[in-house]
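A.B. asks: First, the structure itself, so that you have it in front of you.
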Amino acid sequence: MDFDFLELTQALECSFSERVALRPVALCDAWPLFVATRNPAFNQHLLWAQPDCEELVLKRVRLIMEASRRRRLTTLSTVARRTGKFIALFRFQPHATLPDAIEMGIWVHDKYWHGRYSLELGRLCVSAAFTLSSQVQLLLGASAPANRGSCRLMEAVGMTPGRMVQRDTEMGHQAMLCEYTITRADWAARHVSGFWLVGDDRVVVKEPDKATPRTSTLEAVAVE
């Protein structure tokens with residue numbers, strides 16, 4: 001895919017919403033991520049197993065950082081605006097078989113599974129990606145049907161369930177996942193969410209929120 005992921009990274013890292021802000025991934029994010037993996041439900045629907053030690057998560061985060069530097073994907077950490085505490089790791093990457101699709105995934109710390117943080121983050125990243133990059137035309141997420149929190153999250157940000165696919169896991173077996181998608185046209189017509197962007201000389205408001213119905217509190221969310 002001929003897509004400038006570094007440009008998308010640099011645009012998104014200046015974005016924030018009411019409670020969360022995006023920033024570049026740092027190695028120190030591995031420690032709160034490791035703490036999150038102590039909850040067995042965190043890894044239940046992921047394509048990688050619960051790590052036995054911190055070093056495994058440090059290695060994974062380093063590989064993610066290196067891939068981002070090489071423009072192979074866009075990866076950002078989400079933090080709480082008031083405290084700076086780690087909330088989630090969010091990424092955009094090429095889809096393995098669909099050349100026009102950007103696949104997104106999210107790992108949310110279990111401390112933030114409630115309180116609608118996942119929904120706020122999902123809306124922020126979807127709207128920021130479409131708003132700040134004209135190259136983004138189709139976003140895709142994949143989740144196991146049993147991961148109800150993840151499926152509800154994708155539907156809440158405007159994504160539509162589609163085909164079932166099998167994905168290889170690091171544990172040696174295949175996982176059956178449902179792919180959800182949203183096009184730029186569908187997002188613009190019904191799912192635009194407002195956010196703020198730190199510009200060169202001032203903070204800019206991007207696409208004010210439209211009236212949208214509230215949804216129930218989202219549960220554990222970890223999208224591979």
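Starting from 1 in every chain, residues are counted up; chains themselves are A, B, ... following the order of the structure tokens, and ligands are numbered from 1 as listed.
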According to DSSP computed on the backbone, where in stretch 44-199 of chain A is there helix (DSSP H, G or I)? Give the residues as a PyMOL selection string.

C.D. replies: chain A and resi 54-69+110-112+117-132+148-156+184-190

A.B. asks: Give me the residues near A:Ala129 as a PyMOL selection string, where near means some atom within 8 Å (using only C-alpha atoms) and where sequence neighbours in that chain fewer than 6 positions away do not count.

C.D. replies: chain A and resi 8+12+136

A.B. asks: Dump as CSV the rows for residues of stretch 28-90 of chain A within 12 Å of stretch 138-148 of chain A: closest atom pair and distance in Å with one decimal, only C-alpha atoms counted, ordered by chain and rising residue number.

C.D. replies:
residue,atom,partner,partner_atom,distance
A:Ala41,CA,A:Asn147,CA,10.0
A:Phe42,CA,A:Asn147,CA,10.6
A:Asn43,CA,A:Asn147,CA,10.9
A:Gln44,CA,A:Asn147,CA,8.6
A:His45,CA,A:Ala144,CA,6.6
A:Leu46,CA,A:Ser143,CA,8.7
A:Leu47,CA,A:Ser143,CA,10.3
A:Phe90,CA,A:Gly141,CA,11.6

A.B. asks: Using only C-alpha atoms, which residues sit within 12 Å of stretch 167-184 of chain A once same-chain residues fewer than 6 positions away are excluded, as a compact mmCIF listing (two decimals) with N, CA, C and O atoms, in the first residue's frame?

C.D. replies:
# COMPACT_ATOMS: atom_id res chain seq x y z
N ASN A 43 -6.29 -10.57 27.27
CA ASN A 43 -5.74 -11.33 26.15
C ASN A 43 -6.70 -12.37 25.58
O ASN A 43 -6.37 -13.04 24.62
N GLN A 44 -7.87 -12.49 26.16
CA GLN A 44 -8.78 -13.56 25.78
C GLN A 44 -9.06 -13.63 24.28
O GLN A 44 -9.13 -14.70 23.69
N HIS A 45 -9.22 -12.45 23.66
CA HIS A 45 -9.59 -12.42 22.24
C HIS A 45 -8.49 -11.86 21.34
O HIS A 45 -8.73 -11.56 20.17
N LEU A 46 -7.27 -11.73 21.88
CA LEU A 46 -6.18 -11.22 21.07
C LEU A 46 -5.46 -12.35 20.35
O LEU A 46 -5.66 -13.53 20.65
N LEU A 47 -4.61 -11.99 19.40
CA LEU A 47 -3.89 -12.97 18.61
C LEU A 47 -2.52 -13.29 19.21
O LEU A 47 -1.70 -13.96 18.59
N TRP A 48 -2.27 -12.81 20.41
CA TRP A 48 -1.03 -13.12 21.11
C TRP A 48 -1.36 -13.49 22.56
O TRP A 48 -2.32 -13.01 23.13
N ALA A 49 -0.55 -14.38 23.12
CA ALA A 49 -0.84 -14.95 24.42
C ALA A 49 -0.46 -14.00 25.55
O ALA A 49 0.32 -13.05 25.37
N GLN A 50 -1.00 -14.27 26.72
CA GLN A 50 -0.65 -13.49 27.90
C GLN A 50 0.85 -13.62 28.15
O GLN A 50 1.37 -14.73 28.28
N PRO A 51 1.59 -12.52 28.22
CA PRO A 51 3.05 -12.60 28.41
C PRO A 51 3.40 -13.04 29.83
O PRO A 51 2.72 -12.70 30.79
N HIS A 95 -4.09 -3.39 5.61
CA HIS A 95 -4.80 -4.66 5.68
C HIS A 95 -4.04 -5.69 4.84
O HIS A 95 -3.45 -5.36 3.81
N ALA A 96 -4.05 -6.93 5.29
CA ALA A 96 -3.23 -7.96 4.64
C ALA A 96 -3.66 -8.25 3.20
O ALA A 96 -2.81 -8.57 2.35
N THR A 97 -4.97 -8.14 2.92
CA THR A 97 -5.46 -8.54 1.58
C THR A 97 -6.25 -7.46 0.85
O THR A 97 -6.46 -7.58 -0.35
N LEU A 98 -6.69 -6.43 1.55
CA LEU A 98 -7.48 -5.37 0.93
C LEU A 98 -6.61 -4.12 0.77
O LEU A 98 -6.37 -3.40 1.74
N ASP A 100 -7.00 -1.16 -0.35
CA ASP A 100 -7.57 0.17 -0.09
C ASP A 100 -8.00 0.38 1.36
O ASP A 100 -8.48 1.45 1.71
N ALA A 101 -7.84 -0.65 2.19
CA ALA A 101 -8.33 -0.58 3.56
C ALA A 101 -7.19 -0.30 4.54
O ALA A 101 -6.09 -0.84 4.41
N ILE A 102 -7.47 0.54 5.53
CA ILE A 102 -6.58 0.75 6.67
C ILE A 102 -7.21 0.02 7.86
O ILE A 102 -8.34 0.32 8.25
N GLU A 103 -6.48 -0.94 8.41
CA GLU A 103 -7.01 -1.69 9.55
C GLU A 103 -6.60 -1.01 10.84
O GLU A 103 -5.47 -0.56 11.00
N MET A 104 -7.53 -0.94 11.77
CA MET A 104 -7.23 -0.32 13.05
C MET A 104 -7.46 -1.31 14.18
O MET A 104 -8.25 -2.24 14.07
N GLY A 105 -6.69 -1.13 15.24
CA GLY A 105 -6.81 -1.99 16.39
C GLY A 105 -6.57 -1.19 17.66
O GLY A 105 -5.93 -0.13 17.63
N ARG A 123 -14.18 7.16 18.55
CA ARG A 123 -14.71 8.27 17.75
C ARG A 123 -13.62 9.28 17.41
O ARG A 123 -13.58 9.80 16.29
N VAL A 126 -11.28 7.64 14.62
CA VAL A 126 -11.94 7.52 13.32
C VAL A 126 -12.12 8.89 12.69
O VAL A 126 -11.78 9.11 11.52
N SER A 127 -12.66 9.85 13.44
CA SER A 127 -12.88 11.18 12.88
C SER A 127 -11.57 11.89 12.55
O SER A 127 -11.47 12.56 11.51
N ALA A 128 -10.57 11.73 13.40
CA ALA A 128 -9.28 12.38 13.13
C ALA A 128 -8.63 11.78 11.89
O ALA A 128 -8.05 12.51 11.07
N ALA A 129 -8.73 10.47 11.71
CA ALA A 129 -8.11 9.84 10.54
C ALA A 129 -8.76 10.34 9.25
O ALA A 129 -8.07 10.70 8.29
N PHE A 130 -10.08 10.36 9.21
CA PHE A 130 -10.77 10.83 8.01
C PHE A 130 -10.57 12.33 7.79
O PHE A 130 -10.43 12.79 6.65
N THR A 131 -10.55 13.09 8.86
CA THR A 131 -10.44 14.55 8.74
C THR A 131 -9.04 14.99 8.34
O THR A 131 -8.88 15.89 7.51
N LEU A 132 -8.03 14.35 8.89
CA LEU A 132 -6.66 14.83 8.73
C LEU A 132 -5.89 14.16 7.60
O LEU A 132 -4.79 14.60 7.26
N SER A 133 -6.45 13.10 7.01
CA SER A 133 -5.77 12.44 5.91
C SER A 133 -6.75 12.16 4.78
O SER A 133 -7.68 11.37 4.94
N SER A 134 -6.52 12.78 3.65
CA SER A 134 -7.38 12.54 2.50
C SER A 134 -7.16 11.16 1.90
O SER A 134 -7.97 10.66 1.12
N GLN A 135 -6.06 10.51 2.29
CA GLN A 135 -5.77 9.17 1.77
C GLN A 135 -6.67 8.10 2.39
O GLN A 135 -6.87 7.04 1.81
N VAL A 136 -7.17 8.36 3.59
CA VAL A 136 -8.00 7.36 4.27
C VAL A 136 -9.39 7.36 3.65
O VAL A 136 -10.11 8.35 3.73
N GLN A 137 -9.75 6.26 3.03
CA GLN A 137 -11.07 6.12 2.40
C GLN A 137 -11.90 5.01 3.03
O GLN A 137 -13.13 5.05 2.99
N LEU A 138 -11.25 4.01 3.61
CA LEU A 138 -11.95 2.87 4.20
C LEU A 138 -11.19 2.40 5.44
O LEU A 138 -10.01 2.05 5.35
N LEU A 139 -11.88 2.41 6.58
CA LEU A 139 -11.31 1.89 7.82
C LEU A 139 -11.93 0.55 8.14
O LEU A 139 -13.13 0.34 7.92
N LEU A 140 -11.13 -0.36 8.68
CA LEU A 140 -11.58 -1.71 8.96
C LEU A 140 -11.07 -2.15 10.32
O LEU A 140 -9.94 -1.84 10.71
N GLY A 141 -11.92 -2.85 11.06
CA GLY A 141 -11.52 -3.46 12.32
C GLY A 141 -11.99 -4.90 12.35
O GLY A 141 -13.01 -5.24 11.72
N ALA A 142 -11.27 -5.77 13.05
CA ALA A 142 -11.63 -7.18 13.11
C ALA A 142 -11.74 -7.62 14.56
O ALA A 142 -10.89 -7.25 15.39
N SER A 143 -12.76 -8.40 14.85
CA SER A 143 -12.98 -8.85 16.22
C SER A 143 -13.67 -10.20 16.24
O SER A 143 -14.48 -10.50 15.36
N ALA A 144 -13.37 -10.99 17.26
CA ALA A 144 -14.09 -12.24 17.46
C ALA A 144 -15.53 -11.91 17.85
O ALA A 144 -15.76 -11.01 18.67
N PRO A 145 -16.51 -12.59 17.29
CA PRO A 145 -17.91 -12.32 17.65
C PRO A 145 -18.17 -12.43 19.15
O PRO A 145 -19.05 -11.73 19.69
N ALA A 146 -17.41 -13.28 19.83
CA ALA A 146 -17.59 -13.45 21.27
C ALA A 146 -17.10 -12.24 22.06
O ALA A 146 -17.46 -12.08 23.24
N ASN A 147 -16.28 -11.40 21.45
CA ASN A 147 -15.79 -10.20 22.10
C ASN A 147 -16.84 -9.10 21.95
O ASN A 147 -16.74 -8.21 21.11
N ARG A 148 -17.87 -9.19 22.75
CA ARG A 148 -19.03 -8.32 22.58
C ARG A 148 -18.69 -6.85 22.77
O ARG A 148 -19.24 -5.98 22.09
N SER A 150 -15.88 -5.30 22.06
CA SER A 150 -15.22 -4.82 20.85
C SER A 150 -16.21 -4.64 19.71
O SER A 150 -16.17 -3.63 19.00
N CYS A 151 -17.10 -5.61 19.53
CA CYS A 151 -18.09 -5.51 18.46
C CYS A 151 -19.02 -4.31 18.67
O CYS A 151 -19.34 -3.58 17.72
N ARG A 152 -19.45 -4.11 19.90
CA ARG A 152 -20.32 -2.96 20.19
C ARG A 152 -19.60 -1.64 19.95
O ARG A 152 -20.20 -0.67 19.49
N LEU A 153 -18.31 -1.61 20.29
CA LEU A 153 -17.54 -0.39 20.07
C LEU A 153 -17.50 -0.04 18.59
O LEU A 153 -17.75 1.11 18.21
N MET A 154 -17.20 -1.01 17.74
CA MET A 154 -17.11 -0.72 16.31
C MET A 154 -18.45 -0.30 15.74
O MET A 154 -18.52 0.61 14.90
N GLU A 155 -19.52 -0.91 16.19
CA GLU A 155 -20.85 -0.48 15.73
C GLU A 155 -21.16 0.92 16.23
O GLU A 155 -21.76 1.73 15.52
N ALA A 156 -20.72 1.25 17.45
CA ALA A 156 -21.00 2.57 18.02
C ALA A 156 -20.28 3.69 17.28
O ALA A 156 -20.76 4.83 17.27
N VAL A 157 -19.13 3.40 16.67
CA VAL A 157 -18.42 4.44 15.91
C VAL A 157 -18.83 4.44 14.44
O VAL A 157 -18.23 5.16 13.64
N GLY A 158 -19.85 3.63 14.09
CA GLY A 158 -20.40 3.68 12.74
C GLY A 158 -19.96 2.58 11.81
O GLY A 158 -20.31 2.61 10.62
N MET A 159 -19.23 1.60 12.32
CA MET A 159 -18.73 0.53 11.45
C MET A 159 -19.81 -0.55 11.26
O MET A 159 -20.64 -0.79 12.15
N THR A 160 -19.79 -1.19 10.11
CA THR A 160 -20.79 -2.18 9.74
C THR A 160 -20.15 -3.56 9.66
O THR A 160 -19.10 -3.72 9.03
N PRO A 161 -20.75 -4.58 10.29
CA PRO A 161 -20.17 -5.93 10.21
C PRO A 161 -20.24 -6.48 8.79
O PRO A 161 -21.19 -6.22 8.05
N ARG A 190 -23.01 10.39 8.62
CA ARG A 190 -23.72 10.06 9.85
C ARG A 190 -22.88 9.99 11.12
O ARG A 190 -23.44 9.97 12.20
N HIS A 191 -21.57 9.97 11.01
CA HIS A 191 -20.80 9.62 12.20
C HIS A 191 -19.66 10.59 12.51
O HIS A 191 -18.71 10.21 13.20
N VAL A 192 -19.72 11.81 12.04
CA VAL A 192 -18.68 12.79 12.33
C VAL A 192 -18.70 13.12 13.82
O VAL A 192 -19.75 13.40 14.40
N VAL A 223 -9.19 -5.05 20.47
CA VAL A 223 -9.39 -5.41 19.07
C VAL A 223 -8.04 -5.77 18.48
O VAL A 223 -7.09 -5.00 18.59
N GLU A 224 -7.94 -6.91 17.83
CA GLU A 224 -6.66 -7.31 17.22
C GLU A 224 -6.55 -6.70 15.83
O GLU A 224 -7.50 -6.61 15.11

A.B. asks: What lies within 9 Å of A:Leu76 using only C-alpha atoms, ignoring chain neighbours under 6 positions off, as a VMD selection string?

C.D. replies: chain A and resid 9 12 to 13 22 to 26 88 to 92

A.B. asks: Would you mind telling me which residue in A:Arg19, A:Arg62, A:Lys111, A:Arg202 lies nearest to A:Val79 when using only C-alpha atoms?

C.D. replies: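 When distances to A:Val79 are compared using only C-alpha atoms, the smallest one comes from A:Arg19.
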
A.B. asks: Could you work out how far atom CA of A:Val108 lies from atom CA of A:Ala36, giving the answer in Å with one decimal?

C.D. replies: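 Going from atom CA of A:Ala36 over to atom CA of A:Val108 covers 8.2 Å.
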
A.B. asks: What's around A:His109 at 9 Å? Count only C-alpha atoms, leave out sequence neighbours fewer than 3 positions away in its own chain, and write the answer as a PDB file with N, CA, C and O atoms, in the first residue's frame.

C.D. replies:
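Listed below is the output, part_8.pdb:
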ATOM      1  N   PRO A  32       2.554  -0.214  31.893  1.00  0.00           N
ATOM      2  CA  PRO A  32       1.109  -0.294  32.137  1.00  0.00           C
ATOM      3  C   PRO A  32       0.432  -1.322  31.242  1.00  0.00           C
ATOM      4  O   PRO A  32      -0.564  -1.940  31.649  1.00  0.00           O
ATOM      5  N   LEU A  33       0.958  -1.541  30.037  1.00  0.00           N
ATOM      6  CA  LEU A  33       0.385  -2.562  29.174  1.00  0.00           C
ATOM      7  C   LEU A  33       0.588  -3.947  29.778  1.00  0.00           C
ATOM      8  O   LEU A  33      -0.314  -4.791  29.752  1.00  0.00           O
ATOM      9  N   VAL A  35       0.841  -4.602  32.969  1.00  0.00           N
ATOM     10  CA  VAL A  35      -0.094  -4.682  34.095  1.00  0.00           C
ATOM     11  C   VAL A  35      -1.488  -5.065  33.603  1.00  0.00           C
ATOM     12  O   VAL A  35      -2.180  -5.883  34.215  1.00  0.00           O
ATOM     13  N   ALA A  36      -1.899  -4.500  32.470  1.00  0.00           N
ATOM     14  CA  ALA A  36      -3.218  -4.830  31.918  1.00  0.00           C
ATOM     15  C   ALA A  36      -3.312  -6.298  31.545  1.00  0.00           C
ATOM     16  O   ALA A  36      -4.365  -6.932  31.698  1.00  0.00           O
ATOM     17  N   THR A  37      -2.195  -6.885  31.084  1.00  0.00           N
ATOM     18  CA  THR A  37      -2.231  -8.289  30.675  1.00  0.00           C
ATOM     19  C   THR A  37      -2.335  -9.246  31.855  1.00  0.00           C
ATOM     20  O   THR A  37      -2.548 -10.443  31.651  1.00  0.00           O
ATOM     21  N   PHE A  42      -8.022  -9.609  29.273  1.00  0.00           N
ATOM     22  CA  PHE A  42      -7.384  -8.687  28.334  1.00  0.00           C
ATOM     23  C   PHE A  42      -6.910  -9.424  27.086  1.00  0.00           C
ATOM     24  O   PHE A  42      -7.088  -8.962  25.963  1.00  0.00           O
ATOM     25  N   PHE A  86      -1.668   6.294  31.144  1.00  0.00           N
ATOM     26  CA  PHE A  86      -1.876   5.465  29.961  1.00  0.00           C
ATOM     27  C   PHE A  86      -3.272   4.846  29.986  1.00  0.00           C
ATOM     28  O   PHE A  86      -3.695   4.263  30.978  1.00  0.00           O
ATOM     29  N   ILE A  87      -3.984   4.972  28.864  1.00  0.00           N
ATOM     30  CA  ILE A  87      -5.315   4.382  28.722  1.00  0.00           C
ATOM     31  C   ILE A  87      -5.300   3.253  27.708  1.00  0.00           C
ATOM     32  O   ILE A  87      -5.857   2.170  27.954  1.00  0.00           O
ATOM     33  N   ALA A  88      -4.671   3.470  26.561  1.00  0.00           N
ATOM     34  CA  ALA A  88      -4.767   2.484  25.486  1.00  0.00           C
ATOM     35  C   ALA A  88      -3.651   2.693  24.474  1.00  0.00           C
ATOM     36  O   ALA A  88      -3.004   3.748  24.428  1.00  0.00           O
ATOM     37  N   LEU A  89      -3.465   1.682  23.648  1.00  0.00           N
ATOM     38  CA  LEU A  89      -2.588   1.773  22.487  1.00  0.00           C
ATOM     39  C   LEU A  89      -3.458   1.552  21.257  1.00  0.00           C
ATOM     40  O   LEU A  89      -4.182   0.562  21.174  1.00  0.00           O
ATOM     41  N   TYR A 112      -9.813   1.122  32.294  1.00  0.00           N
ATOM     42  CA  TYR A 112     -10.644   2.040  31.509  1.00  0.00           C
ATOM     43  C   TYR A 112     -11.662   1.300  30.647  1.00  0.00           C
ATOM     44  O   TYR A 112     -12.162   1.841  29.664  1.00  0.00           O
ATOM     45  N   TRP A 113     -11.995   0.084  31.029  1.00  0.00           N
ATOM     46  CA  TRP A 113     -13.011  -0.658  30.296  1.00  0.00           C
ATOM     47  C   TRP A 113     -14.404  -0.082  30.510  1.00  0.00           C
ATOM     48  O   TRP A 113     -15.312  -0.330  29.733  1.00  0.00           O
ATOM     49  N   ALA A 220     -15.097  -4.725  28.298  1.00  0.00           N
ATOM     50  CA  ALA A 220     -13.704  -4.974  27.910  1.00  0.00           C
ATOM     51  C   ALA A 220     -13.520  -4.881  26.412  1.00  0.00           C
ATOM     52  O   ALA A 220     -14.221  -5.528  25.663  1.00  0.00           O
ATOM     53  N   VAL A 221     -12.549  -4.067  25.983  1.00  0.00           N
ATOM     54  CA  VAL A 221     -12.313  -3.882  24.567  1.00  0.00           C
ATOM     55  C   VAL A 221     -10.858  -4.151  24.253  1.00  0.00           C
ATOM     56  O   VAL A 221      -9.966  -3.530  24.807  1.00  0.00           O
ATOM     57  N   ALA A 222     -10.605  -5.098  23.387  1.00  0.00           N
ATOM     58  CA  ALA A 222      -9.268  -5.358  22.856  1.00  0.00           C
ATOM     59  C   ALA A 222      -9.441  -5.885  21.456  1.00  0.00           C
ATOM     60  O   ALA A 222      -9.824  -7.023  21.251  1.00  0.00           O
TER      61      ALA A 222
END

A.B. asks: Any idea what's packed within 12 Å of A:Val203, counting only C-alpha atoms, ignoring anything in its chain fewer than 6 positions away? Could you give it as a list in words?

C.D. replies: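 My reading of the contact set: Cys14, Ser15, Phe16, Ser17, Phe195, Trp196 and Leu197 of chain A.
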
A.B. asks: With a distance cut-off of 9 Å and only C-alpha atoms, select the neighbouring residues of A:Arg71, excluding the residue or stretch itself and same-chain residues fewer than 6 positions from it, and output the selection as a short mmCIF file (atom, residue, chain, number, x, y, z; two decimals) with N, CA, C and O atoms, in the first residue's frame.

C.D. replies:
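Wrote around_6.cif, looks like this:
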data_model
loop_
_atom_site.label_atom_id
_atom_site.label_comp_id
_atom_site.auth_asym_id
_atom_site.auth_seq_id
_atom_site.Cartn_x
_atom_site.Cartn_y
_atom_site.Cartn_z
N PHE A 3 0.92 4.39 1.21
CA PHE A 3 0.25 5.25 2.19
C PHE A 3 1.29 5.80 3.13
O PHE A 3 2.18 5.08 3.61
N ASP A 4 1.19 7.10 3.43
CA ASP A 4 2.16 7.75 4.29
C ASP A 4 1.70 7.66 5.74
O ASP A 4 1.00 8.53 6.24
N PHE A 5 2.10 6.59 6.41
CA PHE A 5 1.70 6.40 7.80
C PHE A 5 2.39 7.39 8.73
O PHE A 5 1.84 7.75 9.77
N LEU A 6 3.58 7.83 8.38
CA LEU A 6 4.26 8.82 9.22
C LEU A 6 3.48 10.13 9.22
O LEU A 6 3.33 10.78 10.26
N GLU A 7 2.99 10.54 8.06
CA GLU A 7 2.19 11.76 7.98
C GLU A 7 0.93 11.65 8.84
O GLU A 7 0.56 12.59 9.55
N THR A 9 0.59 9.70 11.47
CA THR A 9 1.04 9.72 12.87
C THR A 9 1.24 11.14 13.35
O THR A 9 0.77 11.52 14.43
#

A.B. asks: If DSSP is run on the backbone, what residues of chain A are strand (DSSP E or B)? A reply as a ChimeraX atom specification would be ideal.

C.D. replies: /A:15-16,20-24,74-80,86-94,102-108,138-143,160-168,174-183,195-198,203-206,222-223

A.B. asks: Between atom CA of A:Glu66 and atom CA of A:Pro99, what is the distance, to one decimal in Å?

C.D. replies: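 Atom CA of A:Pro99 lies at a distance of 22.3 Å from atom CA of A:Glu66.
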
A.B. asks: What separation in Å, quoted to one decimal, exists between atom CA of A:Asp186 and atom CA of A:Glu120?

C.D. replies: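 One can read the atom CA of A:Asp186 to atom CA of A:Glu120 distance as 18.6 Å.
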